[in-house]
Amino acid sequence: MAKLHVSTTVNGEPSEFLCEASDTMLDVLRGPLGLTGSKEGCATGDCGACSVTLDGRLVCACLMLAVEADGAEIETIEGMSQGEKLHPLQQKFLELAALQCGICTPGMLVAAKSLLEQNMNPTETEVRYWLAGNLCRCTGYDKIVHAVLDTAAEMREAAR
Amino acid sequence: MYRVEDDRLLVGAGRYVEDAYPADALSMVVLRSPVGHGTIEALDISAAEEMDGVTLILTGNDLDRLGVRPMASRMPVTGVDGKPMLEPERPALARGKVTYVGQPVAVILAESPEIAQDAAEAIVLDIADLPAAVDLEAAASDGAPQIWDDIPGNRSFTWEKGDRAATQSGFAEADHVIELTVRHPRVSIAPIETRGCIADFDVETGRYTLTTPSQGVVALRAAMADYLGADEADVRVITEDVGGSFAVKIWPYPEQLLALVAARASRRPVKWIGSRTESFVSDAMGRGRVDRAKLALDRDGKFLAFRIDALADMGAFLNAVAPSIVTTGAIRPYAHVYKIPGLLYRVDAIFTNTMMTDAYRGAGKPESCSTLERLIDVAAHELGFDRVELRRKNLIQPADLPYDTPMGETYDGGDFPAIAEKILVAADWAGVAGRRAESARKGLLRGAGLGFHLHATGGSVAERSEVRALPDGTVLVRTGTQDSGQGHRTALAIVAAETLEVPVEKIRVEQGDSDWLEKGGGTGGSNLLSIAGNTVHRTALKMLDQAKQVAAHMLEAAVQDVEYGQGEFRIAGTDRKIGLAQVAADWDSIPADQRDGELGSGCVAQLDFEGLHTTFPNGAYVCEVEVDPDTGAVQVDRFTGVDDLGRVINEPTALGQLHGGIGQSIGEVLMEGLIYDEQGQVLTGSLMDYALPRADQIPFMDLNWAPTDSPNALIGAKGVGEVSSIGAPGAIMNAVLDALRDRDVRHLDIPLTPEKIWKALHP
């Protein structure tokens, strides 16, 4: 069967690729597009290591067919910093050492950014529930949740 | 300071094995046993071999032809009867019979993973089922199905350690004896990165290269060379970023060995990335012990003797160091902070039709520690002692130090009564009653649990470190240890920067290529600082000593007149000086044949670990939970700790280690548990079935320091990696059971799931 042609936008840049109908977005990101920051931890949508946004909505790239990207906007970890300048969440993760092995970190950051885009003033409980889709085996989530709350506070302050 | 690891990891630029896509690589898929125990009646690969894109299929029949040796375990144990342990031959691919679900039966090499998977499904595998011995206690009992013909009773060995006479007299003299069986079911270690590897073989040089996550490339090289029948020099192992390990990626696995063999046979690179389900059935697992425990007390509550008669679930074979985990791993700190004259541990190592167990963060110590802490709570409750006071009156006192334990350790530091004081304040133990009443008003049962802990750090002492000053002003440190998220590069950079009196940014730490160092025991037993920290410090001093000779030569001064400080050599009392970087540059510029022999080897030094490697980090934890009696659900509400890690080298990374171990302990005690059915089928083969703790299930933790000196620790740091995973389970168990105390529940086996608790509350 002929491959399918997809036109999409990845991290703000127009992007085109050919894929099989059965390819997941994660397959295409990591393979043809060379964006290996999104990780495969389970391929069943349970770990969140492949979290990306599709038209601003948080999704697991492993559960999304690549053809669904056609005409849509995809954001991945690779688009989070602006050149050398880290996103405030990345900066806070750095300051608090809110990561260890780093395998869940891209998905965790993408998910946290998605939360703050919808809710600039989340409670601890809201942060924990929002991030409950992203498994981390190293940190016990302690510094991750602190980093998200602290970043939210600083972003609110900066927006005043 | 910020972790030096994080710049790359935060922007998605980490490099894990799954991120490499070597050109021309074949994909490997493993066909695994679908049953727990059976005889292979037929294995027909002919249809699969014919499929387009399939290049090679290997089965157990190919192993001898290819020179692949059995994967013998690497830590033999001698039983209490003086006989060696019994070990079945473990082929990389099943031969004749299968003995656990997930056992590799064939590997398929193809142009894509999809083709290989299709081919795996085209293989005809006909297995005649045999009765399976799955449950540990059932497998150890009379009449259980026999897994191996020449291993009666499914027992590899029986091992014992302790003072039998003192233990017997302790129980004979006791006013009270409390008995309790504490089960530590097997858990999946489940790092978020699954196992995987890329194998290559260079036909020109005859050299294998294995790129794979590990906890030390040198030990893995030795194992692979052994199983391949190759010289170690012909095997190179590379480890890049590791997406979590907690011991599971230390061991040599059949997939790595088979990928190397397939690469040699195919003359092409081979890539294998395990799926999450493969992880659940084929990763070495943690825990798997049943402790029948007894504590002897006199009428005042003084502990007289403690013994565990354990059954240890080895799985179908003996994994790499598994025999040592259920023996010496279990007893090194054993009664941890308590002074108990009679100590005994006895274990039967039992084969079952399951995947093998091996070390998991703590390696035998979480089981022993939490068994005793649970037993103390039961004793306090049943004998009418206050559980805090009962512990305090049995603590080893500072005046007892150095303290020789009946198990052969000598504690070199610690102040356990001070820990007790601090934890009660930090955790607001006095406020428990008020919070319990508050919870009761909400219809919830609050429980508080306390547990002390102590670790005897260990791991391999085969560390070699290298320190090299470079002309650009940086210093390269190489070590045989291996990071899997702990922040080794940060910690060792701090150690080297202090020793060399240079900014920490000038230090670059490298690990992960077996071509760099001939020796290296790898990471395990919380040994980074006690072993590699020690060795890096000494090696840096040796390098400075050598460089001083060179500097003296260049300054045309006598060596004794040259002093070092802040990255510079100076003739004492003058302004004549030369920087370390300049010494390195000038040394490099001297042709090798003109270098004066007295100048040694210039600005690079290597040293092996020497000294006492065991340190004794210790502390206490308090956990508070709320149990909903209507659902049985447990929420951890508070977690407080006081830890004596000696000197904390970098607080953010040390805290992170404690946080992670507590998180894993909450998982182990409340929700995890790898479940096999009676035939040996894995019922928890996905993250939908196997619960890992998530962000809404772990509270913020309040952790505090109470450092004491450790003469054994050259740089003052006692180690941290496994401390909380040893100490936290007892406190969490005790908290949940405390919540159920007034409901006539003496003990429940972990995991303390809502179903189990609800049933206990509604008998």
# chains A, B, ... in the order shown; residues from 1 in each chain; ligands from 1
$ closest_atom_pairs --of "chain B" --to "chain A" --cutoff "8 Å" --atoms "only C-alpha atoms" --output "Markdown table"
| residue | atom | partner | partner_atom | distance |
| --- | --- | --- | --- | --- |
| B:Tyr2 | CA | A:Glu95 | CA | 6.1 |
| B:Arg3 | CA | A:Ala97 | CA | 6.6 |
| B:Asp6 | CA | A:Leu94 | CA | 6.5 |
| B:Asp7 | CA | A:Leu94 | CA | 7.7 |
| B:Leu9 | CA | A:Gly102 | CA | 5.5 |
| B:Leu10 | CA | A:Gln90 | CA | 6.1 |
| B:Val11 | CA | A:Glu78 | CA | 5.9 |
| B:Gly12 | CA | A:Gly37 | CA | 3.9 |
| B:Ala13 | CA | A:Gly37 | CA | 6.1 |
| B:Gly14 | CA | A:Gly37 | CA | 7.3 |
| B:Asp19 | CA | A:Thr36 | CA | 5.8 |
| B:Ala190 | CA | A:Arg137 | CA | 7.7 |
| B:Pro191 | CA | A:Arg137 | CA | 6.0 |
| B:Ile192 | CA | A:Gly41 | CA | 5.4 |
| B:Glu193 | CA | A:Gly41 | CA | 5.7 |
| B:Thr194 | CA | A:Gly41 | CA | 6.7 |
| B:Asp241 | CA | A:Cys101 | CA | 7.6 |
| B:Val242 | CA | A:Cys101 | CA | 6.4 |
| B:Gly243 | CA | A:Cys101 | CA | 5.0 |
| B:Gly244 | CA | A:Cys101 | CA | 5.4 |
| B:Ser275 | CA | A:Cys42 | CA | 6.8 |
| B:Arg276 | CA | A:Cys42 | CA | 5.0 |
| B:Ser484 | CA | A:Cys101 | CA | 5.8 |
| B:Gly485 | CA | A:Cys101 | CA | 3.5 |
| B:Gln486 | CA | A:Gln100 | CA | 5.9 |
| B:Gly487 | CA | A:Gln100 | CA | 6.9 |
| B:Pro652 | CA | A:Ala97 | CA | 6.1 |
| B:Thr653 | CA | A:Ala97 | CA | 6.9 |
| B:Gly656 | CA | A:Thr139 | CA | 5.8 |
| B:Gln657 | CA | A:Thr139 | CA | 7.2 |
| B:His659 | CA | A:Gly140 | CA | 5.2 |
| B:Gly660 | CA | A:Thr139 | CA | 4.3 |
| B:Gly661 | CA | A:Gly140 | CA | 7.5 |
| B:Ile662 | CA | A:Gly140 | CA | 6.8 |
| B:Gly663 | CA | A:Gly140 | CA | 4.4 |
| B:Gln664 | CA | A:Arg137 | CA | 7.1 |
| B:Leu687 | CA | A:Asp46 | CA | 6.0 |
| B:Met688 | CA | A:Asp46 | CA | 6.9 |
| B:Leu692 | CA | A:Leu135 | CA | 7.7 |
| B:Pro693 | CA | A:Leu135 | CA | 7.7 |
| B:Arg694 | CA | A:Ala132 | CA | 5.2 |
| B:Ala695 | CA | A:Ala132 | CA | 5.0 |
| B:Asp696 | CA | A:Arg128 | CA | 4.8 |
| B:Ile698 | CA | A:Gly140 | CA | 6.7 |
| B:Pro699 | CA | A:Asp142 | CA | 7.3 |
| B:Phe700 | CA | A:Asp142 | CA | 5.4 |
| B:Met701 | CA | A:Asp142 | CA | 7.0 |
$ select_by_dssp --residues "range 9-147 of chain A" --states "strand (DSSP E or B)" --output "list in words"
Thr9, Val10, Glu13, Pro14, Ser15, Glu16, Phe17, Leu18, Cys19, Thr24, Ser51, Val52, Thr53, Leu54, Arg57, Leu58, Val59, Cys60, Leu65, Glu73, Ile74, Glu75, Gln82 and Lys85 of chain A
$ write_last_selection --atoms "N, CA and C atoms" --output "short mmCIF file (atom, residue, chain, number, x, y, z; two decimals), in the first residue's frame"
data_model
loop_
_atom_site.label_atom_id
_atom_site.label_comp_id
_atom_site.auth_asym_id
_atom_site.auth_seq_id
_atom_site.Cartn_x
_atom_site.Cartn_y
_atom_site.Cartn_z
N THR A 9 2.19 20.89 11.31
CA THR A 9 3.10 21.89 11.87
C THR A 9 3.67 21.29 13.16
N VAL A 10 5.00 21.23 13.23
CA VAL A 10 5.63 20.68 14.42
C VAL A 10 6.49 21.77 15.05
N GLU A 13 6.93 24.90 13.03
CA GLU A 13 7.50 24.83 11.68
C GLU A 13 6.63 23.92 10.81
N PRO A 14 6.33 24.35 9.57
CA PRO A 14 5.61 23.45 8.66
C PRO A 14 6.43 22.17 8.46
N SER A 15 5.74 21.07 8.40
CA SER A 15 6.44 19.79 8.30
C SER A 15 5.61 18.83 7.47
N GLU A 16 6.29 18.06 6.65
CA GLU A 16 5.58 17.06 5.86
C GLU A 16 6.28 15.73 6.04
N PHE A 17 5.48 14.67 6.03
CA PHE A 17 6.10 13.34 6.11
C PHE A 17 5.21 12.31 5.43
N LEU A 18 5.83 11.17 5.11
CA LEU A 18 5.10 10.02 4.58
C LEU A 18 5.03 8.99 5.68
N CYS A 19 3.89 8.34 5.81
CA CYS A 19 3.77 7.32 6.86
C CYS A 19 2.83 6.22 6.43
N THR A 24 2.12 5.34 14.48
CA THR A 24 1.68 6.29 15.50
C THR A 24 2.44 7.60 15.32
N SER A 51 4.17 12.32 26.00
CA SER A 51 3.19 13.42 25.97
C SER A 51 3.59 14.52 24.99
N VAL A 52 2.64 14.90 24.13
CA VAL A 52 2.80 16.05 23.23
C VAL A 52 1.46 16.78 23.24
N THR A 53 1.42 17.95 22.62
CA THR A 53 0.10 18.57 22.46
C THR A 53 -0.28 18.57 20.98
N LEU A 54 -1.57 18.34 20.77
CA LEU A 54 -2.17 18.33 19.43
C LEU A 54 -3.19 19.46 19.44
N ARG A 57 -4.02 20.44 22.85
CA ARG A 57 -4.58 19.45 23.76
C ARG A 57 -3.52 18.41 24.08
N LEU A 58 -3.40 18.08 25.38
CA LEU A 58 -2.38 17.12 25.81
C LEU A 58 -2.77 15.71 25.39
N VAL A 59 -1.90 15.03 24.65
CA VAL A 59 -2.19 13.67 24.20
C VAL A 59 -0.95 12.80 24.36
N CYS A 60 -1.17 11.49 24.37
CA CYS A 60 -0.07 10.54 24.30
C CYS A 60 0.21 10.27 22.82
N LEU A 65 -2.64 8.30 15.91
CA LEU A 65 -2.12 7.91 14.59
C LEU A 65 -1.44 9.11 13.94
N GLU A 73 -1.50 21.21 14.63
CA GLU A 73 -0.24 21.73 15.18
C GLU A 73 0.20 20.83 16.33
N ILE A 74 1.41 20.35 16.22
CA ILE A 74 1.99 19.46 17.23
C ILE A 74 3.08 20.23 17.96
N GLU A 75 3.07 20.10 19.29
CA GLU A 75 4.17 20.68 20.08
C GLU A 75 4.83 19.56 20.87
N GLN A 82 13.22 28.39 23.97
CA GLN A 82 13.39 29.27 22.80
C GLN A 82 14.88 29.43 22.59
N LYS A 85 17.28 29.75 25.55
CA LYS A 85 16.51 30.18 26.72
C LYS A 85 15.48 29.12 27.09
#
$ closest_residue --among "B:Tyr21, B:Phe303, B:Asp738, B:Leu210" --to "Pro32 in chain A" --atoms "only C-alpha atoms"
B:Tyr21
$ residues_around --residues "Ala153 in chain A" --least-positions-apart "3" --cutoff "12 Å" --atoms "only C-alpha atoms" --output "PyMOL selection string"
chain A and resi 88-89+92+116+119-124+146-150+156-160
$ atom_distance --atom1 "CA of Gly632 in chain B" --atom2 "CA of Gly730 in chain B"
19.7 Å
$ atom_distance --atom1 "CA of Asp129 in chain B" --atom2 "CA of Ala106 in chain B"
18.6 Å
$ closest_residue --among "B:Pro754, B:Gly196, B:Gly216, B:Pro113" --to "Gln511 in chain B" --atoms "only C-alpha atoms"
B:Gly216
$ atom_distance --atom1 "CA of Glu114 in chain B" --atom2 "CA of Cys62 in chain A"
15.7 Å
$ residues_around --residues "range 169-173 of chain B" --least-positions-apart "2" --cutoff "10 Å" --atoms "only C-alpha atoms" --output "PyMOL selection string"
chain B and resi 164-167+175-177+294-298+303-307+340-343
$ write_last_selection --atoms "C-alpha atoms" --output "mmCIF file, in the first residue's frame"
data_model
loop_
_atom_site.group_PDB
_atom_site.id
_atom_site.type_symbol
_atom_site.label_atom_id
_atom_site.label_comp_id
_atom_site.auth_asym_id
_atom_site.auth_seq_id
_atom_site.Cartn_x
_atom_site.Cartn_y
_atom_site.Cartn_z
ATOM 1 C CA ARG B 164 22.702 -20.022 67.029
ATOM 2 C CA ALA B 165 23.586 -20.623 70.680
ATOM 3 C CA ALA B 166 22.866 -17.046 71.774
ATOM 4 C CA THR B 167 19.626 -17.086 69.816
ATOM 5 C CA ASP B 175 9.379 -13.878 79.077
ATOM 6 C CA HIS B 176 7.653 -13.183 75.787
ATOM 7 C CA VAL B 177 8.020 -14.543 72.275
ATOM 8 C CA LYS B 294 10.321 -14.404 65.999
ATOM 9 C CA LEU B 295 11.315 -11.873 68.608
ATOM 10 C CA ALA B 296 12.244 -12.792 72.188
ATOM 11 C CA LEU B 297 11.766 -10.161 74.913
ATOM 12 C CA ASP B 298 12.227 -10.100 78.654
ATOM 13 C CA PHE B 303 15.092 -7.687 73.080
ATOM 14 C CA LEU B 304 16.935 -10.960 73.692
ATOM 15 C CA ALA B 305 16.854 -12.667 70.338
ATOM 16 C CA PHE B 306 15.505 -12.256 66.834
ATOM 17 C CA ARG B 307 15.409 -14.817 64.098
ATOM 18 C CA ILE B 340 19.982 -7.812 70.248
ATOM 19 C CA PRO B 341 22.425 -10.448 71.539
ATOM 20 C CA GLY B 342 20.896 -13.423 69.732
ATOM 21 C CA LEU B 343 20.535 -13.020 65.996
#
